[in-house]
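Take a look at the structure set out below.
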4 protein chains.
Amino acid sequence: MVVMTPEATPAEIEAVVGRLEAAGVHAKVMPGELTTAIGAIGDPEGVREMGLEGLPGVDQVIPISRPYKLASSELSHHSATIVEVDGRRVGGGETFCLIAGPCTVESAEQTRAVARAVADAGASMLRGGAFKPRTSPFSFQGLGHEALDILAEVRAETGLPVVSELTAAEHADRFADTVDVIQVGARNMQNYGLLEVVGKLGKPVLLKRGLSSTLEELLQAADYILKEGNGDVILCERGIRTFDTAMRFTLDLGAVPWLKLHTHLPVIVDPSHASGDRRLVGPLSRAAAAVGADGIIVEVADDPEAALCDGPQQLYARDFPEFAGEIAAHAGLVGRTLA
Amino acid sequence: MVVMTPEATPAEIEAVVGRLEAAGVHAKVMPGELTTAIGAIGDPEGVREMGLEGLPGVDQVIPISRPYKLASSELSHHSATIVEVDGRRVGGGETFCLIAGPCTVESAEQTRAVARAVADAGASMLRGGAFKPRTSPFSFQGLGHEALDILAEVRAETGLPVVSELTAAEHADRFADTVDVIQVGARNMQNYGLLEVVGKLGKPVLLKRGLSSTLEELLQAADYILKEGNGDVILCERGIRTFDTAMRFTLDLGAVPWLKLHTHLPVIVDPSHASGDRRLVGPLSRAAAAVGADGIIVEVADDPEAALCDGPQQLYARDFPEFAGEIAAHAGLVGRTLA
Amino acid sequence: MVVMTPEATPAEIEAVVGRLEAAGVHAKVMPGELTTAIGAIGDPEGVREMGLEGLPGVDQVIPISRPYKLASSELSHHSATIVEVDGRRVGGGETFCLIAGPCTVESAEQTRAVARAVADAGASMLRGGAFKPRTSPFSFQGLGHEALDILAEVRAETGLPVVSELTAAEHADRFADTVDVIQVGARNMQNYGLLEVVGKLGKPVLLKRGLSSTLEELLQAADYILKEGNGDVILCERGIRTFDTAMRFTLDLGAVPWLKLHTHLPVIVDPSHASGDRRLVGPLSRAAAAVGADGIIVEVADDPEAALCDGPQQLYARDFPEFAGEIAAHAGLVGRTLA
Amino acid sequence: MVVMTPEATPAEIEAVVGRLEAAGVHAKVMPGELTTAIGAIGDPEGVREMGLEGLPGVDQVIPISRPYKLASSELSHHSATIVEVDGRRVGGGETFCLIAGPCTVESAEQTRAVARAVADAGASMLRGGAFKPRTSPFSFQGLGHEALDILAEVRAETGLPVVSELTAAEHADRFADTVDVIQVGARNMQNYGLLEVVGKLGKPVLLKRGLSSTLEELLQAADYILKEGNGDVILCERGIRTFDTAMRFTLDLGAVPWLKLHTHLPVIVDPSHASGDRRLVGPLSRAAAAVGADGIIVEVADDPEAALCDGPQQLYARDFPEFAGEIAAHAGLVGRTLA
């Protein structure tokens, strides 16, 4: 939809129509009381690329069709996508996927202890960071390949599928061999090269929303993975950056029901990174279950005060069974059982 | 805490110390590895006002004590405040206050029909706009005093206490006579004159968070009311303005447990204005109950498509009983019953 | 423009058309490749109020005409408005208005000293706070009426017209008698009662943009004043709230040329409150002149370290002549002389 | 600085002290009126990693030293860094670097025509996109290696050094051979793998601020490059994401003087991407010169309406000489000549 200024001349209106028709797009002129609008019918992507905002007499170009395609429940996939990970079902409305584990894999003992605690309490999968993207180059960056070995070992012992973040294409093959769900972190949500790499690996992907990405951009990022033929994409709301600094990020729980209206992909929530404070993780996890999320991903530590990074947001392993019980109760009220 | 730059000279450090001590504040110099910090002990308000950031050699002045006082659960009031409104208790952790009603009072019939529907389904109070602050001067601004008459009539018929927004000091006395809870809207959260007026009226106040107010600013606005001797303040999270335009505002549900850590005042949530979309109001209301809010305030209409303002966010009265039941169930899981 | 979802049925489309036509709005159906759009021609305000987003099958309602009217250079007033204040012209492209003075009036001596310094350096008007809106009720709130007396006295001595902020309707008459330009502060930009009061006073108004107000909302706030018949409105960009806390606010200098495209009203810039740091005030003031603003309003103090509020952002009076010279040079390059 | 809650017990205070001292950090206890603060002296990075916020009785951990190191003008490099690119000097306060060229390289003819136009008008370098990061996978992504060939050819013809964006590590060697300044785009500012790759290439880097990155994070991203031994980093402010959608992004011109206070690296401005509207590029470029930037990077096209991407923000080549003259005049007022 091209909206002309109130002062646009007939010649300027015709020029826009001419540009559209030259590009094979049908143009429908709608004279209004104050301004004339020109509907452009067909090839929305093409119209967006034409940059008509710069033409004389044009006030605004307003996209009418939504910019994401393959992730859209309206355009391409009417029934909910269910991602299966070693028997756990994520999406579809009947399950709630509880992913838990340490922020960072620090040792086999630590990882094993946490994994056993969360497995006993009914967790669906194990999370654990191997490569950590850090704002400062002088911070601890994770154990890397050694951490992947530990995760593989602990998976064999506990039976829990493993989620870990891939930060660079060069590690992709190693991740494909070791990890069950490949996480793309918030800072890489628009690292399009990486999205195409994980699209080609064919493994389930956990795609986190960027710190300041709109929900439409999140779905467009999912399109990058989906177009490579990989349909197993799980979206994750993890807090956005706003003016308020009381908490680390602002968890946008409204994103969950909004996404449910517009995409067929499963949606989970990360309350640990959003809040940065373990005292808020319980309430926000209950809210995530009540709002209709398909799961949560939370950080748990045996001795969080000794953790090398992100300690204050990690739940204590000893509190995890009660936490899991509360989440399961709220999920139960909306018809879901733990995956 | 005054932090000096790495290059600050001893004379510059001494000048800061001198300024503090001249103002009767004890100064403690802490030389660090890279920079020197100077702790200012006593009279945090006074230090903030001194504007030391502008002195040579000063890098930053970092407030260490939190800026709100009377609203603080740490400084002034350790047990939770319970606001009683005609027998309904708001706050204290055992009740959940369900406030419902039309966006705007349009007629006695409409208001009566909605009030009966929500009363039958267990609502705690009736909301209804008499004076509406509108972004455009050309929009409908509410029925004004006529609306207050209608609300009084419907309160008499249904027994529901009434919540309505006061937009200007000149109407304060009329509100004090007619309305049970006086709402201060988001756009007036920092209208300090109005805050002092409602502080003096001595009626319970529902104080909405500003569109872009931090949580600390919300508590400072509450301080304006509390310092007039009116302790009956209910805080309300109603969505903040962020970069994302998918929804009208971003509902900050993390604000609820954060406020519970830092203030003794009750906290409720307005999911209707935040989302602007009735399809999101149910999920977000369930989440508000699960996250530990003391209540919600939602818009309900008999025939929302005919409503004169904010129609798309209003629940249908016919769906309200099911809605109320779901909310009550989630509130029940956290130990609360409808107020 | 009403955009239907891809799955909207013909009956749903017809229902929207029916609603529009029942309201006397002409509806034009535009079937597209993926979705159908329905243009609503006539009465944009009315369409906005109908809340069609809530109807079945409706995806979005996209306003096509801009929401402000009287402030629009396209709709109501093609030539630039020039506000004359005691011979100084603000707006129109040939002048640059340099408003300077203390943050807060603290005494006659202080105000007189600063006023003389800025008058000597070519300032166009004197600013000075009498009533200060403060985030905390425990901060210094200004001298009030005593400050207005001081400003009147200093105006008589220096000949500088006076700008001061009105914070409550009750002081309006006093301001009308004493002050040449009545400032409405950022926190009151959407205090619609106050806007109508200053609209009726008939004195020039300096309307500051709210901390998180869009430019369209700023123009709608101006509409509140203009519709009372007061055309002398000067807009002021003073920094918006964003995620970055390096500076107090983010000065949105792009707002100036954007406003110049869309409104006939003069636009000035407040770099002092935006940055909160005197070291940034010089560069940002030069940038304001270069970007095409009609003026700036800056804080100057004789001894800023002793000022009771906002000290670190105040320029030193002794540096003001050099500052004014630099600003005048950049303003000169875009064809303006000091007002 | 660890700030305890008002209710923290002596045992909790001692526990914090113990943790700090066990980590080899000196702890200084400062009892205040309301709360106790504990200064941690030495190893700020280590303290940040300890996650003390999670300990009982701790209210906040407030970092006192700034988080960036190598980019800091206070900590590591007192005099301004000057990046030399084939004789053009960027940084140091005496030059203004005018980088101009097409958004995207579309053909040799188009690139050559624009390059000649900007070279004739005094541009310092040529910009041109070869690989374009696009929000949608269905948008045009650039000509890739063919574009690099064209840029090399045009550089040989015009003598203009070339700036182009590297989007993936796999193309790094090719860029090192062809391009004079390697741009890291806003979406990759926290793609740490890529930062290390460009750090190792040893070529000048143009590092753009992320859409929602704080200025401190921008300097930390620069640290990633600097620590690889590559000191030739040029920072670029290109607009941040805020609540306002009137313009594409909000250009944060205050960032320039703020960065000048805190870093030794050169700072340029990109007004084209920030505004997305050619009518704003002139005013914002003048403002960038006046605010003290070391240069600008702007998009220019021969026939912008025909450009395949970002058309409306591109200046017309025929208007470029006048544009360049205006910028040079404002730069001249602050003592700079075109590089």
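Just remember, in the structure tokens the first chain shown is A, the second B, etc., residues are 1-based per chain, and ligands are 1-based in the order shown.
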DSSP strand (DSSP E or B) residues within segment 21-182 of chain B, as a ChimeraX atom specification: /B:26-31,36-41,58-61,72,83-85,88-90,95-101,104,125-127,129,162-165,181-182
Residue neighbourhood Lys203 of chain A, 9 Å, only C-alpha atoms, exclusion window fewer than 6 positions, as a ChimeraX atom specification: /A:176,179-182,230,232-233
Contact residues (chain A, partner chain C, 10 Å, only C-alpha atoms) as a PyMOL selection string: chain A and resi 1-7+26+28+30-37+39-44+59-66+73-75+212+241-245
What parts of segment 22-187 of chain C does DSSP call alpha helix (DSSP H)? I'd like the answer as a short mmCIF file (atom, residue, chain, number, x, y, z; two decimals) with all heavy atoms, in the first residue's frame.
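Wrote it out as selection16.cif, contents follow:
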```cif
data_model
loop_
_atom_site.label_atom_id
_atom_site.label_comp_id
_atom_site.auth_asym_id
_atom_site.auth_seq_id
_atom_site.Cartn_x
_atom_site.Cartn_y
_atom_site.Cartn_z
N ALA C 22 -22.40 1.15 7.48
CA ALA C 22 -23.39 1.57 8.47
C ALA C 22 -22.93 2.86 9.17
O ALA C 22 -23.75 3.67 9.60
CB ALA C 22 -23.60 0.46 9.50
N PRO C 44 -11.42 9.29 9.01
CA PRO C 44 -10.39 8.41 9.58
C PRO C 44 -10.51 8.29 11.10
O PRO C 44 -10.32 7.20 11.65
CB PRO C 44 -9.07 9.07 9.18
CG PRO C 44 -9.41 10.43 8.65
CD PRO C 44 -10.84 10.40 8.24
N GLU C 45 -10.86 9.38 11.76
CA GLU C 45 -11.00 9.33 13.22
C GLU C 45 -12.07 8.32 13.61
O GLU C 45 -11.90 7.51 14.51
CB GLU C 45 -11.38 10.74 13.72
CG GLU C 45 -10.99 11.03 15.12
CD GLU C 45 -9.50 10.86 15.33
OE1 GLU C 45 -8.70 11.23 14.45
OE2 GLU C 45 -9.15 10.32 16.38
N GLY C 46 -13.17 8.39 12.90
CA GLY C 46 -14.28 7.49 13.19
C GLY C 46 -13.89 6.03 12.98
O GLY C 46 -14.21 5.17 13.80
N VAL C 47 -13.15 5.76 11.91
CA VAL C 47 -12.75 4.38 11.64
C VAL C 47 -11.84 3.87 12.75
O VAL C 47 -11.98 2.76 13.25
CB VAL C 47 -12.05 4.28 10.27
CG1 VAL C 47 -11.46 2.89 10.07
CG2 VAL C 47 -13.03 4.62 9.16
N ARG C 48 -10.89 4.73 13.17
CA ARG C 48 -9.98 4.35 14.24
C ARG C 48 -10.76 3.95 15.51
O ARG C 48 -10.40 3.03 16.22
CB ARG C 48 -9.08 5.55 14.55
CG ARG C 48 -7.68 5.19 14.98
CD ARG C 48 -6.79 6.43 14.91
NE ARG C 48 -6.38 6.71 13.55
CZ ARG C 48 -6.13 7.94 13.06
NH1 ARG C 48 -6.27 9.00 13.83
NH2 ARG C 48 -5.75 8.09 11.82
N GLU C 49 -11.84 4.66 15.77
CA GLU C 49 -12.61 4.43 17.00
C GLU C 49 -13.47 3.17 16.93
O GLU C 49 -14.00 2.73 17.95
CB GLU C 49 -13.55 5.63 17.24
CG GLU C 49 -12.83 6.96 17.33
CD GLU C 49 -12.70 7.45 18.75
OE1 GLU C 49 -13.68 7.42 19.49
OE2 GLU C 49 -11.58 7.86 19.11
N MET C 50 -13.67 2.64 15.71
CA MET C 50 -14.61 1.53 15.58
C MET C 50 -14.04 0.22 16.14
O MET C 50 -14.79 -0.72 16.39
CB MET C 50 -15.00 1.34 14.12
CG MET C 50 -15.88 2.48 13.59
SD MET C 50 -16.12 2.39 11.79
CE MET C 50 -17.27 1.00 11.73
N ALA C 108 17.62 36.20 43.60
CA ALA C 108 17.65 37.31 42.65
C ALA C 108 19.07 37.53 42.15
O ALA C 108 19.30 37.78 40.96
CB ALA C 108 17.12 38.59 43.30
N GLU C 109 20.05 37.42 43.04
CA GLU C 109 21.45 37.68 42.64
C GLU C 109 21.89 36.67 41.57
O GLU C 109 22.46 37.03 40.55
CB GLU C 109 22.39 37.56 43.85
CG GLU C 109 22.15 38.58 44.93
CD GLU C 109 20.80 38.35 45.65
OE1 GLU C 109 20.47 37.18 45.93
OE2 GLU C 109 20.08 39.34 45.88
N GLN C 110 21.65 35.39 41.89
CA GLN C 110 22.07 34.34 40.96
C GLN C 110 21.39 34.54 39.60
O GLN C 110 22.03 34.49 38.55
CB GLN C 110 21.68 32.98 41.56
CG GLN C 110 21.68 31.82 40.59
CD GLN C 110 20.26 31.21 40.44
OE1 GLN C 110 19.23 31.84 40.73
NE2 GLN C 110 20.26 29.97 39.98
N THR C 111 20.10 34.79 39.60
CA THR C 111 19.35 34.91 38.35
C THR C 111 19.82 36.13 37.57
O THR C 111 20.02 36.09 36.35
CB THR C 111 17.84 35.01 38.65
OG1 THR C 111 17.49 33.90 39.47
CG2 THR C 111 17.02 34.98 37.38
N ARG C 112 20.02 37.24 38.28
CA ARG C 112 20.48 38.46 37.63
C ARG C 112 21.86 38.27 37.00
O ARG C 112 22.09 38.65 35.85
CB ARG C 112 20.51 39.59 38.65
CG ARG C 112 20.84 40.95 38.06
CD ARG C 112 20.80 42.02 39.13
NE ARG C 112 19.47 42.13 39.72
CZ ARG C 112 19.19 41.99 41.03
NH1 ARG C 112 20.16 41.71 41.90
NH2 ARG C 112 17.96 42.13 41.45
N ALA C 113 22.75 37.63 37.74
CA ALA C 113 24.12 37.44 37.23
C ALA C 113 24.11 36.61 35.95
O ALA C 113 24.76 36.94 34.96
CB ALA C 113 24.99 36.76 38.30
N VAL C 114 23.36 35.53 35.98
CA VAL C 114 23.31 34.67 34.78
C VAL C 114 22.63 35.42 33.63
O VAL C 114 23.09 35.37 32.48
CB VAL C 114 22.58 33.35 35.08
CG1 VAL C 114 22.38 32.55 33.81
CG2 VAL C 114 23.35 32.54 36.11
N ALA C 115 21.53 36.10 33.93
CA ALA C 115 20.79 36.79 32.88
C ALA C 115 21.66 37.83 32.19
O ALA C 115 21.67 37.95 30.96
CB ALA C 115 19.54 37.45 33.46
N ARG C 116 22.44 38.57 32.98
CA ARG C 116 23.31 39.57 32.36
C ARG C 116 24.36 38.91 31.48
O ARG C 116 24.64 39.37 30.38
CB ARG C 116 23.99 40.41 33.44
CG ARG C 116 22.98 41.38 34.03
CD ARG C 116 23.65 42.44 34.88
NE ARG C 116 22.62 43.36 35.35
CZ ARG C 116 22.61 43.94 36.54
NH1 ARG C 116 23.60 43.70 37.39
NH2 ARG C 116 21.64 44.76 36.86
N ALA C 117 24.93 37.82 31.98
CA ALA C 117 25.97 37.15 31.19
C ALA C 117 25.41 36.66 29.86
O ALA C 117 26.04 36.83 28.81
CB ALA C 117 26.56 35.97 32.00
N VAL C 118 24.25 36.05 29.87
CA VAL C 118 23.73 35.51 28.61
C VAL C 118 23.20 36.63 27.72
O VAL C 118 23.31 36.55 26.49
CB VAL C 118 22.67 34.39 28.83
CG1 VAL C 118 23.26 33.27 29.68
CG2 VAL C 118 21.38 34.91 29.43
N ALA C 119 22.64 37.68 28.32
CA ALA C 119 22.17 38.81 27.50
C ALA C 119 23.35 39.44 26.77
O ALA C 119 23.28 39.74 25.57
CB ALA C 119 21.45 39.84 28.37
N ASP C 120 24.45 39.63 27.49
CA ASP C 120 25.63 40.23 26.87
C ASP C 120 26.15 39.40 25.70
O ASP C 120 26.73 39.91 24.75
CB ASP C 120 26.76 40.38 27.91
CG ASP C 120 26.44 41.49 28.91
OD1 ASP C 120 25.47 42.24 28.68
OD2 ASP C 120 27.15 41.58 29.93
N HIS C 145 6.26 30.95 43.59
CA HIS C 145 5.87 32.32 43.25
C HIS C 145 7.00 33.31 43.46
O HIS C 145 7.13 34.28 42.69
CB HIS C 145 4.64 32.71 44.07
CG HIS C 145 3.43 31.97 43.61
ND1 HIS C 145 2.78 32.26 42.43
CD2 HIS C 145 2.78 30.90 44.14
CE1 HIS C 145 1.77 31.44 42.27
NE2 HIS C 145 1.74 30.59 43.28
N GLU C 146 7.83 33.08 44.46
CA GLU C 146 8.96 33.96 44.68
C GLU C 146 9.86 33.98 43.43
O GLU C 146 10.39 35.03 43.03
CB GLU C 146 9.75 33.47 45.91
CG GLU C 146 10.81 34.44 46.37
CD GLU C 146 11.71 33.80 47.45
OE1 GLU C 146 11.24 32.87 48.16
OE2 GLU C 146 12.87 34.21 47.54
N ALA C 147 10.03 32.82 42.82
CA ALA C 147 10.85 32.74 41.62
C ALA C 147 10.24 33.55 40.49
O ALA C 147 10.95 34.22 39.72
CB ALA C 147 11.03 31.29 41.19
N LEU C 148 8.92 33.54 40.39
CA LEU C 148 8.27 34.33 39.34
C LEU C 148 8.52 35.82 39.55
O LEU C 148 8.76 36.57 38.59
CB LEU C 148 6.77 34.04 39.30
CG LEU C 148 6.40 32.60 38.86
CD1 LEU C 148 4.88 32.41 38.93
CD2 LEU C 148 6.90 32.31 37.44
N ASP C 149 8.49 36.25 40.80
CA ASP C 149 8.80 37.65 41.10
C ASP C 149 10.21 38.01 40.64
O ASP C 149 10.45 39.05 40.04
CB ASP C 149 8.69 37.93 42.61
CG ASP C 149 7.25 37.81 43.10
OD1 ASP C 149 6.32 37.96 42.27
OD2 ASP C 149 7.05 37.55 44.31
N ILE C 150 11.14 37.11 40.96
CA ILE C 150 12.54 37.36 40.58
C ILE C 150 12.66 37.44 39.06
O ILE C 150 13.32 38.33 38.52
CB ILE C 150 13.45 36.25 41.16
CG1 ILE C 150 13.46 36.33 42.69
CG2 ILE C 150 14.85 36.33 40.58
CD1 ILE C 150 14.18 35.18 43.38
N LEU C 151 12.01 36.52 38.36
CA LEU C 151 12.10 36.52 36.90
C LEU C 151 11.54 37.83 36.33
O LEU C 151 12.11 38.40 35.38
CB LEU C 151 11.35 35.31 36.31
CG LEU C 151 12.05 33.96 36.52
CD1 LEU C 151 11.11 32.81 36.13
CD2 LEU C 151 13.33 33.87 35.67
N ALA C 152 10.44 38.30 36.90
CA ALA C 152 9.83 39.55 36.40
C ALA C 152 10.80 40.72 36.58
O ALA C 152 10.97 41.57 35.68
CB ALA C 152 8.52 39.82 37.13
N GLU C 153 11.44 40.73 37.72
CA GLU C 153 12.39 41.78 38.04
C GLU C 153 13.57 41.75 37.07
O GLU C 153 13.98 42.78 36.52
CB GLU C 153 12.88 41.49 39.46
CG GLU C 153 13.54 42.60 40.22
CD GLU C 153 14.01 42.03 41.57
OE1 GLU C 153 13.17 41.46 42.32
OE2 GLU C 153 15.22 42.12 41.84
N VAL C 154 14.10 40.57 36.85
CA VAL C 154 15.27 40.44 35.98
C VAL C 154 14.90 40.73 34.53
O VAL C 154 15.68 41.31 33.78
CB VAL C 154 15.90 39.04 36.14
CG1 VAL C 154 17.00 38.82 35.12
CG2 VAL C 154 16.45 38.88 37.56
N ARG C 155 13.69 40.38 34.14
CA ARG C 155 13.24 40.73 32.80
C ARG C 155 13.23 42.23 32.62
O ARG C 155 13.67 42.77 31.60
CB ARG C 155 11.85 40.18 32.54
CG ARG C 155 11.34 40.59 31.17
CD ARG C 155 10.00 39.98 30.84
NE ARG C 155 9.03 40.28 31.89
CZ ARG C 155 7.73 40.08 31.76
NH1 ARG C 155 7.27 39.54 30.66
NH2 ARG C 155 6.90 40.36 32.74
N ALA C 156 12.71 42.93 33.64
CA ALA C 156 12.66 44.39 33.55
C ALA C 156 14.07 44.98 33.42
O ALA C 156 14.30 45.92 32.65
CB ALA C 156 11.97 44.96 34.80
N GLU C 157 15.00 44.39 34.13
CA GLU C 157 16.37 44.92 34.10
C GLU C 157 17.10 44.63 32.79
O GLU C 157 17.88 45.44 32.32
CB GLU C 157 17.19 44.31 35.24
CG GLU C 157 16.76 44.78 36.62
CD GLU C 157 17.43 43.97 37.71
OE1 GLU C 157 18.48 43.33 37.44
OE2 GLU C 157 16.90 43.96 38.84
N THR C 158 16.91 43.43 32.25
CA THR C 158 17.71 43.00 31.10
C THR C 158 16.97 43.10 29.78
O THR C 158 17.59 43.03 28.71
CB THR C 158 18.16 41.54 31.24
OG1 THR C 158 16.97 40.73 31.31
CG2 THR C 158 18.98 41.33 32.50
N ALA C 172 -1.89 29.02 36.46
CA ALA C 172 -1.90 29.51 35.07
C ALA C 172 -2.04 31.02 34.99
O ALA C 172 -1.32 31.69 34.23
CB ALA C 172 -3.02 28.82 34.28
N ASP C 173 -2.94 31.60 35.77
CA ASP C 173 -3.16 33.04 35.63
C ASP C 173 -1.92 33.83 36.04
O ASP C 173 -1.53 34.78 35.38
CB ASP C 173 -4.38 33.47 36.48
CG ASP C 173 -5.67 32.92 35.87
OD1 ASP C 173 -5.68 32.65 34.65
OD2 ASP C 173 -6.62 32.71 36.64
N ARG C 174 -1.30 33.37 37.10
CA ARG C 174 -0.07 34.03 37.53
C ARG C 174 0.99 33.96 36.44
O ARG C 174 1.67 34.95 36.16
CB ARG C 174 0.43 33.33 38.83
CG ARG C 174 1.68 33.93 39.40
CD ARG C 174 1.37 35.31 40.05
NE ARG C 174 2.55 36.18 39.97
CZ ARG C 174 3.60 36.09 40.77
NH1 ARG C 174 3.62 35.22 41.76
NH2 ARG C 174 4.64 36.87 40.61
N PHE C 175 1.12 32.81 35.80
CA PHE C 175 2.09 32.69 34.71
C PHE C 175 1.73 33.62 33.56
O PHE C 175 2.60 34.23 32.94
CB PHE C 175 2.15 31.24 34.21
CG PHE C 175 3.20 30.42 34.89
CD1 PHE C 175 3.08 30.09 36.24
CD2 PHE C 175 4.33 29.97 34.22
CE1 PHE C 175 4.06 29.33 36.89
CE2 PHE C 175 5.31 29.22 34.85
CZ PHE C 175 5.17 28.90 36.18
N ALA C 176 0.45 33.69 33.25
CA ALA C 176 0.04 34.54 32.12
C ALA C 176 0.45 35.99 32.36
O ALA C 176 0.79 36.72 31.42
CB ALA C 176 -1.46 34.44 31.91
N ASP C 177 0.46 36.40 33.60
CA ASP C 177 0.85 37.78 33.92
C ASP C 177 2.35 38.01 33.88
O ASP C 177 2.81 39.12 33.64
CB ASP C 177 0.38 38.15 35.35
CG ASP C 177 -1.14 38.25 35.43
OD1 ASP C 177 -1.78 38.36 34.36
OD2 ASP C 177 -1.67 38.19 36.55
N THR C 178 3.14 36.98 34.18
CA THR C 178 4.55 37.19 34.47
C THR C 178 5.48 36.69 33.37
O THR C 178 6.58 37.21 33.20
CB THR C 178 4.93 36.41 35.75
OG1 THR C 178 3.89 36.53 36.69
CG2 THR C 178 6.24 36.89 36.31
#
```
Shortest interatomic distance to His264 of chain D - which of D:Tyr316, D:Ile82, D:Val184, D:Arg127, counting only C-alpha atoms: D:Ile82
What lies within 12 Å of Arg187 of chain A using only C-alpha atoms, ignoring chain neighbours under 6 positions off, as a PDB file with C-alpha atoms, in the first residue's frame?
```pdb
ATOM      1  CA  LYS A 132      29.781 -19.043  25.651  1.00  0.00           C
ATOM      2  CA  PRO A 133      29.402 -15.763  23.766  1.00  0.00           C
ATOM      3  CA  ARG A 134      30.615 -13.112  26.217  1.00  0.00           C
ATOM      4  CA  THR A 135      30.312  -9.346  25.941  1.00  0.00           C
ATOM      5  CA  GLU A 165      24.596 -23.320  21.867  1.00  0.00           C
ATOM      6  CA  LEU A 166      26.509 -23.233  18.593  1.00  0.00           C
ATOM      7  CA  THR A 167      28.376 -19.957  18.179  1.00  0.00           C
ATOM      8  CA  ALA A 168      30.357 -20.488  14.977  1.00  0.00           C
ATOM      9  CA  LEU A 194      24.962 -19.448  10.881  1.00  0.00           C
ATOM     10  CA  LEU A 207      16.230 -20.257  18.034  1.00  0.00           C
ATOM     11  CA  LYS A 208      16.382 -17.497  20.625  1.00  0.00           C
ATOM     12  CA  ARG A 209      14.872 -14.082  19.997  1.00  0.00           C
ATOM     13  CA  GLY A 210      17.448 -11.289  19.644  1.00  0.00           C
ATOM     14  CA  LEU A 211      17.718  -8.757  22.458  1.00  0.00           C
ATOM     15  CA  SER A 212      15.965  -6.156  20.364  1.00  0.00           C
ATOM     16  CA  SER A 213      14.338  -8.191  17.628  1.00  0.00           C
ATOM     17  CA  ARG A 238      14.307 -14.771  26.441  1.00  0.00           C
ATOM     18  CA  ILE A 240      14.180  -7.979  25.361  1.00  0.00           C
TER      19      ILE A 240
ATOM     20  CA  ALA D 186      25.456  -3.705  13.143  1.00  0.00           C
ATOM     21  CA  ARG D 187      23.933  -7.206  13.191  1.00  0.00           C
ATOM     22  CA  ASN D 188      27.405  -8.710  13.613  1.00  0.00           C
ATOM     23  CA  MET D 189      28.733  -6.345  16.295  1.00  0.00           C
ATOM     24  CA  GLN D 190      28.499  -9.168  18.815  1.00  0.00           C
ATOM     25  CA  ASN D 191      29.489 -11.962  16.418  1.00  0.00           C
ATOM     26  CA  TYR D 192      32.653 -12.512  18.407  1.00  0.00           C
ATOM     27  CA  GLY D 193      34.115 -15.117  16.073  1.00  0.00           C
ATOM     28  CA  GLY D 210      24.567  -2.821  17.066  1.00  0.00           C
ATOM     29  CA  LEU D 211      20.921  -1.780  16.765  1.00  0.00           C
ATOM     30  CA  SER D 212      20.479  -2.039  20.496  1.00  0.00           C
ATOM     31  CA  SER D 213      24.019  -2.038  21.800  1.00  0.00           C
TER      32      SER D 213
END
```
All residues 8 Å or closer to Ala328 of chain C, only C-alpha atoms, same chain fewer than 2 positions away omitted, as a VMD selection string: chain C and resid 96 289 324 to 326 330 to 332 337 to 338
Ala339 of chain C surroundings by only C-alpha atoms, 6 Å radius, close-in-sequence under 4 positions cut, as a VMD selection string: chain C and resid 88 95 to 97 124
Residue neighbourhood Gly18 of chain C, 12 Å, only C-alpha atoms, exclusion window fewer than 2 positions, as number ranges by chain: C: 11-16, 20-29, 38, 40, 52, 55
